[in-house]
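Engineer: Provided herewith: upload24.txt, compact mmCIF, C-alpha atoms and all ligand atoms.
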```
# COMPACT_ATOMS: atom_id res chain seq x y z
CA MET B 1 0.00 0.00 0.00
CA SER B 2 1.06 3.56 -0.76
CA ASP B 3 -0.10 6.78 0.89
CA ILE B 4 -1.04 8.48 -2.36
CA ALA B 5 -1.63 7.45 -5.98
CA VAL B 6 -0.90 10.10 -8.60
CA ILE B 7 -2.63 9.54 -11.93
CA GLY B 8 -1.34 11.64 -14.81
CA LEU B 9 2.34 12.53 -15.08
CA GLY B 10 2.34 15.55 -17.35
CA ALA B 11 4.30 18.61 -16.30
CA MET B 12 1.96 19.20 -13.35
CA GLY B 13 1.32 15.60 -12.28
CA THR B 14 5.07 14.94 -12.21
CA ALA B 15 5.60 18.00 -9.97
CA LEU B 16 2.81 16.81 -7.66
CA ALA B 17 4.27 13.30 -7.37
CA GLU B 18 7.73 14.75 -6.68
CA ALA B 19 6.38 17.02 -3.94
CA PHE B 20 4.66 14.07 -2.22
CA LEU B 21 7.86 11.99 -2.47
CA ASN B 22 9.94 14.90 -1.12
CA LYS B 23 7.77 14.92 2.01
CA GLY B 24 8.47 11.22 2.54
CA HIS B 25 5.12 9.84 1.39
CA ALA B 26 4.86 6.47 -0.32
CA VAL B 27 3.62 7.26 -3.84
CA THR B 28 2.24 5.03 -6.59
CA VAL B 29 2.06 6.57 -10.07
CA TRP B 30 0.36 5.82 -13.37
CA ASN B 31 0.58 7.59 -16.72
CA ARG B 32 -0.60 6.72 -20.23
CA SER B 33 2.96 7.11 -21.52
CA PRO B 34 4.95 4.98 -19.06
CA ALA B 35 8.31 6.62 -19.84
CA LYS B 36 7.28 9.69 -17.82
CA SER B 37 7.38 7.67 -14.60
CA GLU B 38 11.05 6.67 -14.94
CA ALA B 39 12.55 9.73 -13.20
CA LEU B 40 10.01 9.35 -10.37
CA VAL B 41 10.94 5.71 -9.84
CA VAL B 42 14.52 6.83 -9.19
CA LYS B 43 13.07 9.08 -6.45
CA GLY B 44 11.15 6.20 -4.87
CA ALA B 45 7.80 6.07 -6.69
CA ILE B 46 6.11 2.74 -7.43
CA VAL B 47 4.69 2.33 -10.93
CA ALA B 48 1.25 0.74 -11.20
CA ALA B 49 0.65 -1.59 -14.13
CA SER B 50 -2.88 -0.28 -14.61
CA VAL B 51 -5.10 2.56 -13.44
CA GLU B 52 -7.04 0.10 -11.31
CA GLU B 53 -3.84 -1.06 -9.63
CA ALA B 54 -2.96 2.58 -8.93
CA VAL B 55 -6.41 3.29 -7.44
CA ARG B 56 -6.29 0.18 -5.25
CA SER B 57 -2.80 1.09 -3.99
CA SER B 58 -3.80 4.07 -1.85
CA PRO B 59 -6.52 5.68 0.26
CA LEU B 60 -5.88 8.99 -1.52
CA ILE B 61 -6.02 9.25 -5.33
CA VAL B 62 -4.81 12.47 -6.97
CA ALA B 63 -5.60 12.85 -10.66
CA CYS B 64 -4.07 15.60 -12.80
CA LEU B 65 -4.92 15.06 -16.44
CA LEU B 66 -5.52 17.36 -19.38
CA VAL B 67 -9.31 17.90 -19.24
CA TYR B 68 -12.30 16.28 -17.51
CA ASP B 69 -13.03 14.04 -20.50
CA THR B 70 -9.54 12.60 -20.01
CA VAL B 71 -10.29 11.97 -16.34
CA HIS B 72 -13.40 10.02 -17.28
CA GLU B 73 -11.56 8.11 -19.99
CA VAL B 74 -8.75 7.17 -17.60
CA ILE B 75 -10.63 6.55 -14.33
CA ASP B 76 -13.80 4.95 -15.73
CA PRO B 77 -12.31 1.46 -16.13
CA ALA B 78 -11.26 1.58 -12.44
CA ARG B 79 -14.47 3.12 -11.07
CA GLU B 80 -15.42 0.09 -8.93
CA ALA B 81 -12.08 0.42 -7.10
CA LEU B 82 -12.88 4.00 -5.98
CA SER B 83 -15.19 2.86 -3.18
CA GLY B 84 -14.11 4.14 0.25
CA ARG B 85 -11.20 6.15 -1.17
CA THR B 86 -10.73 9.90 -1.44
CA PHE B 87 -10.47 11.01 -5.05
CA VAL B 88 -8.90 14.45 -5.52
CA ASN B 89 -9.22 15.73 -9.06
CA LEU B 90 -6.78 18.58 -9.77
CA THR B 91 -7.56 18.76 -13.49
CA ASN B 92 -8.66 22.20 -14.69
CA GLY B 93 -12.38 22.39 -15.43
CA THR B 94 -15.65 24.23 -14.89
CA PRO B 95 -17.86 24.23 -11.76
CA GLU B 96 -20.47 22.24 -13.71
CA GLN B 97 -17.92 19.59 -14.68
CA ALA B 98 -16.75 19.33 -11.07
CA ARG B 99 -20.29 18.88 -9.73
CA ALA B 100 -21.05 16.22 -12.36
CA MET B 101 -17.78 14.43 -11.53
CA SER B 102 -18.66 14.58 -7.84
CA VAL B 103 -22.04 12.94 -8.48
CA TRP B 104 -20.36 10.28 -10.64
CA ALA B 105 -17.56 9.46 -8.17
CA THR B 106 -19.91 9.49 -5.16
CA LYS B 107 -22.11 6.95 -6.96
CA TYR B 108 -19.13 4.58 -6.86
CA GLY B 109 -18.50 5.23 -3.16
CA ALA B 110 -15.62 7.71 -3.46
CA HIS B 111 -15.21 10.86 -1.36
CA TYR B 112 -14.78 13.37 -4.18
CA ILE B 113 -12.74 16.54 -3.77
CA ASP B 114 -12.21 18.93 -6.63
CA GLY B 115 -9.16 21.13 -6.73
CA GLY B 116 -7.62 24.02 -8.61
CA ILE B 117 -3.90 24.57 -8.72
CA MET B 118 -2.88 28.22 -8.72
CA ALA B 119 0.77 27.64 -9.58
CA VAL B 120 3.06 26.47 -12.34
CA PRO B 121 4.94 23.16 -11.91
CA PRO B 122 8.27 24.58 -10.62
CA MET B 123 6.36 26.30 -7.77
CA ILE B 124 4.78 23.06 -6.49
CA GLY B 125 5.96 22.19 -2.98
CA GLY B 126 6.74 25.82 -2.15
CA GLN B 127 4.53 28.01 0.03
CA HIS B 128 3.50 30.23 -2.91
CA ALA B 129 1.87 27.27 -4.67
CA LEU B 130 -1.78 27.64 -3.71
CA THR B 131 -4.19 24.75 -4.23
CA LEU B 132 -7.91 25.32 -3.80
CA TYR B 133 -10.14 22.45 -2.66
CA SER B 134 -13.87 21.86 -2.38
CA GLY B 135 -15.93 18.82 -1.48
CA PRO B 136 -16.75 16.92 1.71
CA ARG B 137 -15.00 18.62 4.64
CA GLN B 138 -14.39 15.36 6.50
CA ALA B 139 -12.52 13.85 3.55
CA PHE B 140 -10.47 17.01 3.07
CA ASP B 141 -9.55 17.16 6.76
CA ALA B 142 -8.55 13.51 6.73
CA HIS B 143 -5.99 14.14 3.97
CA SER B 144 -5.07 17.82 4.30
CA GLY B 145 -1.78 16.92 6.02
CA ARG B 146 -0.68 14.99 2.93
CA LEU B 147 -2.08 17.55 0.47
CA ASP B 148 -0.10 20.29 2.24
CA ALA B 149 3.00 18.75 0.65
CA LEU B 150 1.98 20.59 -2.54
CA GLY B 151 2.28 24.05 -0.93
CA THR B 152 -0.51 26.09 0.63
CA SER B 153 -3.96 24.46 0.77
CA ARG B 154 -7.21 26.42 0.93
CA TYR B 155 -10.50 24.64 1.59
CA LEU B 156 -13.48 26.55 0.15
CA GLY B 157 -16.57 24.53 1.06
CA GLU B 158 -18.65 21.43 0.45
CA ASP B 159 -19.82 22.32 -3.10
CA ALA B 160 -17.36 20.63 -5.48
CA GLY B 161 -17.87 23.49 -7.94
CA LEU B 162 -16.29 26.09 -5.65
CA ALA B 163 -12.65 25.23 -6.36
CA PRO B 164 -13.01 25.55 -10.15
CA LEU B 165 -15.14 28.70 -9.73
CA TYR B 166 -12.38 30.39 -7.70
CA ASP B 167 -9.76 28.94 -10.06
CA ILE B 168 -11.28 30.33 -13.26
CA SER B 169 -12.11 33.63 -11.57
CA LEU B 170 -8.48 34.03 -10.50
CA LEU B 171 -7.45 33.14 -14.05
CA ALA B 172 -9.89 35.76 -15.36
CA GLY B 173 -8.06 38.37 -13.28
CA MET B 174 -4.73 37.07 -14.54
CA TYR B 175 -5.72 37.12 -18.21
CA GLY B 176 -7.15 40.63 -17.85
CA LEU B 177 -3.79 41.73 -16.46
CA PHE B 178 -1.89 39.90 -19.20
CA ALA B 179 -4.11 41.46 -21.91
CA GLY B 180 -3.25 44.93 -20.63
CA VAL B 181 0.45 44.10 -20.46
CA LEU B 182 0.40 42.81 -24.06
CA GLN B 183 -1.24 46.03 -25.27
CA ALA B 184 1.22 48.19 -23.33
CA LEU B 185 4.22 46.32 -24.74
CA ALA B 186 2.80 46.45 -28.28
CA LEU B 187 2.29 50.23 -28.04
CA THR B 188 5.69 51.00 -26.55
CA GLY B 189 7.41 48.41 -28.74
CA ALA B 190 5.90 49.97 -31.88
CA ALA B 191 7.57 53.23 -30.82
CA GLY B 192 10.94 51.47 -30.46
CA ILE B 193 10.97 51.47 -26.65
CA PRO B 194 12.59 48.27 -25.33
CA ALA B 195 10.27 46.16 -23.19
CA GLY B 196 13.02 45.87 -20.58
CA GLU B 197 13.08 49.64 -20.19
CA PHE B 198 9.30 50.00 -19.90
CA MET B 199 8.52 46.95 -17.74
CA PRO B 200 9.65 48.34 -14.34
CA LEU B 201 7.33 51.34 -14.81
CA LEU B 202 4.46 49.10 -15.83
CA MET B 203 4.98 46.82 -12.84
CA SER B 204 4.99 49.62 -10.30
CA TRP B 205 1.91 51.21 -11.96
CA LEU B 206 -0.01 47.92 -11.75
CA GLN B 207 1.01 47.51 -8.13
CA ALA B 208 -0.23 51.04 -7.34
CA MET B 209 -3.56 50.31 -9.06
CA GLN B 210 -4.06 47.18 -6.93
CA GLY B 211 -4.42 49.48 -3.94
CA GLY B 212 -7.91 50.49 -5.05
CA LEU B 213 -9.27 46.95 -5.31
CA PRO B 214 -10.39 46.50 -1.66
CA LYS B 215 -12.68 49.55 -2.18
CA TRP B 216 -14.11 47.85 -5.27
CA ALA B 217 -14.92 44.78 -3.18
CA GLU B 218 -16.80 46.95 -0.65
CA GLN B 219 -18.68 48.68 -3.45
CA VAL B 220 -19.63 45.46 -5.21
CA ASP B 221 -20.84 43.96 -1.91
CA SER B 222 -22.83 47.07 -0.91
CA GLY B 223 -24.07 47.93 -4.40
CA VAL B 224 -23.05 51.57 -3.76
CA HIS B 225 -20.52 52.78 -6.34
CA THR B 226 -20.83 56.54 -6.02
CA SER B 227 -19.20 57.47 -2.72
CA ASN B 228 -15.82 59.26 -2.76
CA VAL B 229 -15.36 58.59 -6.48
CA VAL B 230 -12.08 60.03 -7.74
CA SER B 231 -12.04 58.52 -11.27
CA ASN B 232 -15.61 58.39 -12.49
CA LEU B 233 -16.74 56.31 -15.45
CA GLY B 234 -17.64 59.40 -17.53
CA MET B 235 -14.05 60.69 -17.33
CA GLN B 236 -12.58 57.23 -17.97
CA VAL B 237 -14.72 56.51 -21.03
CA ASP B 238 -13.49 59.76 -22.65
CA ALA B 239 -9.85 59.02 -21.80
CA TYR B 240 -10.20 55.46 -23.06
CA VAL B 241 -10.94 56.79 -26.58
CA ASN B 242 -7.33 58.00 -26.63
CA LEU B 243 -6.05 54.49 -25.86
CA VAL B 244 -8.03 53.13 -28.82
CA ASP B 245 -7.07 55.99 -31.16
CA ALA B 246 -3.37 55.84 -30.21
CA SER B 247 -3.35 52.09 -30.83
CA ARG B 248 -4.87 52.55 -34.29
CA ALA B 249 -2.44 55.37 -35.12
CA ALA B 250 0.49 53.13 -34.14
CA GLU B 251 -0.96 50.23 -36.17
CA VAL B 252 -1.43 48.21 -33.00
CA SER B 253 -4.46 45.93 -32.95
CA THR B 254 -7.42 47.06 -30.85
CA GLU B 255 -8.84 43.55 -30.45
CA LEU B 256 -7.97 43.41 -26.74
CA VAL B 257 -9.09 46.92 -25.82
CA LEU B 258 -12.40 47.32 -27.68
CA PRO B 259 -14.46 44.94 -25.47
CA MET B 260 -13.62 47.04 -22.39
CA GLN B 261 -14.61 50.20 -24.24
CA SER B 262 -17.91 48.63 -25.22
CA LEU B 263 -18.66 47.73 -21.58
CA MET B 264 -17.73 51.23 -20.38
CA LYS B 265 -20.06 52.78 -22.96
CA ARG B 266 -22.82 50.45 -21.81
CA GLY B 267 -22.21 51.72 -18.26
CA VAL B 268 -22.63 55.33 -19.40
CA ALA B 269 -25.82 54.40 -21.29
CA ALA B 270 -27.09 52.75 -18.08
CA GLY B 271 -26.63 56.06 -16.21
CA ARG B 272 -23.40 55.23 -14.32
CA THR B 273 -21.35 58.24 -15.50
CA ASP B 274 -20.65 59.38 -11.94
CA ALA B 275 -19.94 55.90 -10.56
CA ASP B 276 -16.70 53.99 -10.09
CA LEU B 277 -15.68 51.33 -12.61
CA SER B 278 -16.74 48.70 -10.05
CA SER B 279 -20.35 49.44 -11.08
CA LEU B 280 -19.67 47.58 -14.35
CA VAL B 281 -19.59 44.20 -12.56
CA ALA B 282 -23.37 44.06 -12.48
CA LEU B 283 -23.53 44.81 -16.22
CA LEU B 284 -21.44 41.71 -16.90
CA GLN B 285 -23.94 39.55 -15.02
CA LEU B 286 -26.44 38.99 -17.78
CA SER B 287 -29.04 37.70 -15.34
CA ASN B 288 -28.72 41.00 -13.44
CA GLN B 289 -29.46 43.49 -16.22
CA GLY B 290 -32.31 45.15 -14.38
CA ASN B 291 -29.92 46.60 -11.74
N1 LIG F 301 1.23 23.22 -16.32
C1 LIG F 301 0.70 24.27 -15.67
O1 LIG F 301 1.26 25.37 -15.59
C2 LIG F 301 -0.64 24.11 -14.97
C3 LIG F 301 -0.99 25.01 -13.95
C4 LIG F 301 -2.19 24.85 -13.28
C5 LIG F 301 -3.05 23.83 -13.65
N2 LIG F 301 -2.70 22.99 -14.67
C6 LIG F 301 -3.66 21.94 -15.04
O2 LIG F 301 -3.12 20.66 -14.74
C7 LIG F 301 -3.62 19.71 -15.68
C8 LIG F 301 -2.44 18.96 -16.29
O3 LIG F 301 -1.60 19.93 -16.90
P1 LIG F 301 -0.12 19.56 -17.39
O4 LIG F 301 0.62 20.84 -17.50
O5 LIG F 301 0.41 18.44 -16.57
O6 LIG F 301 -0.44 19.02 -18.86
P2 LIG F 301 0.45 18.06 -19.77
O7 LIG F 301 1.88 18.21 -19.43
O8 LIG F 301 0.02 18.30 -21.17
O9 LIG F 301 0.00 16.60 -19.32
C9 LIG F 301 -1.26 16.11 -19.68
C10 LIG F 301 -1.49 14.80 -18.97
O10 LIG F 301 -2.76 14.26 -19.41
C11 LIG F 301 -2.52 12.96 -19.98
N3 LIG F 301 -3.45 12.72 -21.08
C12 LIG F 301 -3.84 13.58 -22.04
N4 LIG F 301 -4.73 12.99 -22.86
C13 LIG F 301 -4.90 11.71 -22.40
C14 LIG F 301 -5.69 10.62 -22.78
N5 LIG F 301 -6.52 10.70 -23.84
N6 LIG F 301 -5.60 9.49 -22.07
C15 LIG F 301 -4.78 9.39 -21.00
N7 LIG F 301 -4.01 10.40 -20.55
C16 LIG F 301 -4.06 11.55 -21.25
C17 LIG F 301 -1.08 13.01 -20.46
O11 LIG F 301 -0.60 11.70 -20.64
P3 LIG F 301 0.67 11.46 -21.61
O12 LIG F 301 1.86 11.80 -20.80
O13 LIG F 301 0.55 10.01 -21.94
O14 LIG F 301 0.48 12.35 -22.80
C18 LIG F 301 -0.44 13.74 -19.26
O15 LIG F 301 -0.33 12.89 -18.15
C19 LIG F 301 -4.44 20.48 -16.70
O16 LIG F 301 -5.81 20.40 -16.40
C20 LIG F 301 -3.93 21.91 -16.53
O17 LIG F 301 -4.89 22.89 -16.92
C21 LIG F 301 -1.51 23.09 -15.31
```
Could you show the structure in this file as structure tokens?
Structural biologist:
Amino acid sequence: MSDIAVIGLGAMGTALAEAFLNKGHAVTVWNRSPAKSEALVVKGAIVAASVEEAVRSSPLIVACLLVYDTVHEVIDPAREALSGRTFVNLTNGTPEQARAMSVWATKYGAHYIDGGIMAVPPMIGGQHALTLYSGPRQAFDAHSGRLDALGTSRYLGEDAGLAPLYDISLLAGMYGLFAGVLQALALTGAAGIPAGEFMPLLMSWLQAMQGGLPKWAEQVDSGVHTSNVVSNLGMQVDAYVNLVDASRAAEVSTELVLPMQSLMKRGVAAGRTDADLSSLVALLQLSNQGN
């Protein structure tokens, strides 16, 4: 018997298995392409001959595969072996996929925990590697000591969909940031300014802008977006035209910046000229258009 079975040894699964081994856990591994387990064997991992053998090896099964369809494809043949075990699925997916997987795994007697990894493989095992979990609290508590080998664990609640909801929402913030950085580098780069020269300014500007986000949270929670406004939507929508025009003049694509402009204009049309940008959150919630 092992402590943990890791199913899927891509870049992330390999990092997970290594982190468990580094903490002294007995680890059984399985991957479609067996060659990927060789380096882990040197570090003490046991290779299972089949997925079912991997599942039967341990009370805790950690799967990290490409997409949920892959998880089904891989785990389905071993579903009867899941009974009584805790199945932690760290594959990226949607809240709906996680809830459906929870129903499926629970039907076969597993304690299903969904997870979202907020880290890249080299970070795994370090304290900055955050993993989000949701599912039955008792099962999480029973294994949190082992799961902490991956870095920092955060339990979000019983609903299996919570971990992927937080995961994709954090990714939404990240991609929004990246989109802005791409535009900034395209604009400055088109003017011959080296990215290395501009980046420190951009980084400190983004850090300064983060300071206003706690106020946004208060405003979104209270629904009041008009107190102590220092950069109202009306002013910002007029200034934003310059960002679009300057991009066009520099022959830089506007594909990343136009959707934001469209939302800001919708905010003005909805009478939010004097409000903070946080008032646009409700406009994105299509079921909330009356507000
Ligand atoms: N890498 C990151 O930075 C990162 C960060 C956070 C979350 N994640 C998430 O972690 C998960 C794994 O990512 P990764 O970076 O490890 O991906 P990866 O390196 O591409 O590995 C994919 C894994 O899925 C397996 N796989 C794919 N199709 C399969 C199939 N039809 N049947 C059986 N196995 C199959 C691969 O097996 P083979 O080795 O046989 O191809 C491999 O084990 C993804 O959901 C990803 O979104 C990744």
Engineer: So that each row is one residue of chain B with an atom at most 7 Å from ligand LIG 301 (chain F), can you give its shortest atom pair and the distance in Å to one decimal, using all atoms listed in the file, rows by chain and rising number, as CSV?
Structural biologist:
```
residue,atom,partner,partner_atom,distance
B:Gly8,CA,F:LIG301,O15,3.7
B:Leu9,CA,F:LIG301,O15,4.1
B:Gly10,CA,F:LIG301,O9,3.2
B:Ala11,CA,F:LIG301,O5,3.9
B:Met12,CA,F:LIG301,O5,3.7
B:Gly13,CA,F:LIG301,O5,5.2
B:Asn31,CA,F:LIG301,O15,5.6
B:Arg32,CA,F:LIG301,O13,3.9
B:Ser33,CA,F:LIG301,O13,3.8
B:Lys36,CA,F:LIG301,O12,6.5
B:Cys64,CA,F:LIG301,C7,5.0
B:Leu65,CA,F:LIG301,O10,3.8
B:Leu66,CA,F:LIG301,O10,4.2
B:Val67,CA,F:LIG301,O16,5.2
B:Thr70,CA,F:LIG301,C14,5.1
B:Glu73,CA,F:LIG301,N6,6.5
B:Val74,CA,F:LIG301,C15,5.7
B:Leu90,CA,F:LIG301,O2,6.5
B:Thr91,CA,F:LIG301,O16,3.8
B:Asn92,CA,F:LIG301,O16,3.8
B:Gly93,CA,F:LIG301,O16,6.9
B:Gly116,CA,F:LIG301,C5,6.8
B:Ile117,CA,F:LIG301,C4,4.9
B:Met118,CA,F:LIG301,C4,5.7
B:Ala119,CA,F:LIG301,C3,5.4
B:Val120,CA,F:LIG301,O1,3.9
B:Pro121,CA,F:LIG301,O1,5.7
```
Engineer: At a cut-off of 10 Å around the point (-11.1, 17.5, 3.0) (file coordinates), what residues fall inside when counting all atoms listed in the file? I'd like the answer as a VMD selection string.
Structural biologist: chain B and resid 86 88 111 to 114 133 to 145 147 154 to 158
Engineer: Could you state the separation of atom CA of B:Tyr175 and atom CA of B:Leu280 in Å, given to one decimal place?
Structural biologist: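 Distance between the two atoms: 17.9 Å.
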Engineer: Using all atoms listed in the file, can you tell me which of B:Leu170, B:Ala275, B:Ala250, B:Ala208 comes closest to B:Gly192?
Structural biologist: B:Ala250
Engineer: What does the distance between atom CA of B:Phe198 and atom CA of B:Gly180 come to in Å, to one decimal place?
Structural biologist: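 Distance between the two atoms: 13.6 Å.
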Engineer: Have a look at B:Leu82, B:Leu162, B:Val229, B:Val41 and name the one nearest to B:Ala98; count all atoms listed in the file.
Structural biologist: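 Of all the options, B:Leu162 lies closest to B:Ala98.
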Engineer: Would you work out the distance separating atom CA of B:Gln219 from atom CA of B:Ser279, expressed in Å to one decimal?
Structural biologist: 7.8 Å
Engineer: Kindly indicate which residue among B:Asp159, B:Asp76, B:Asp3, B:Asp221 lies nearest to B:Ala105, using all atoms listed in the file for the distances.
Structural biologist: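 Smallest distance to B:Ala105 is found for B:Asp76.
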Engineer: Which one is closest to B:Glu80: B:Gln97, B:Glu52, B:Lys23, B:Ile61? Count all atoms listed in the file.
Structural biologist: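 So, comparing all the options, the nearest one is B:Glu52.
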Engineer: From the set B:Asn89, B:Tyr68, B:Ile4, B:Val220, which residue has the shortest atom-to-atom contact distance to B:Ala48, counting only C-alpha atoms?
Structural biologist: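 Among the listed residues, the smallest separation from B:Ala48 belongs to B:Ile4.
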Engineer: Name the residues within 12 Å of (-22.1, 54.0, -14.0), counting all atoms listed in the file in the file's coordinates, and put them as a PyMOL selection string.
Structural biologist: chain B and resi 223-226+229+231-237+263-283+291
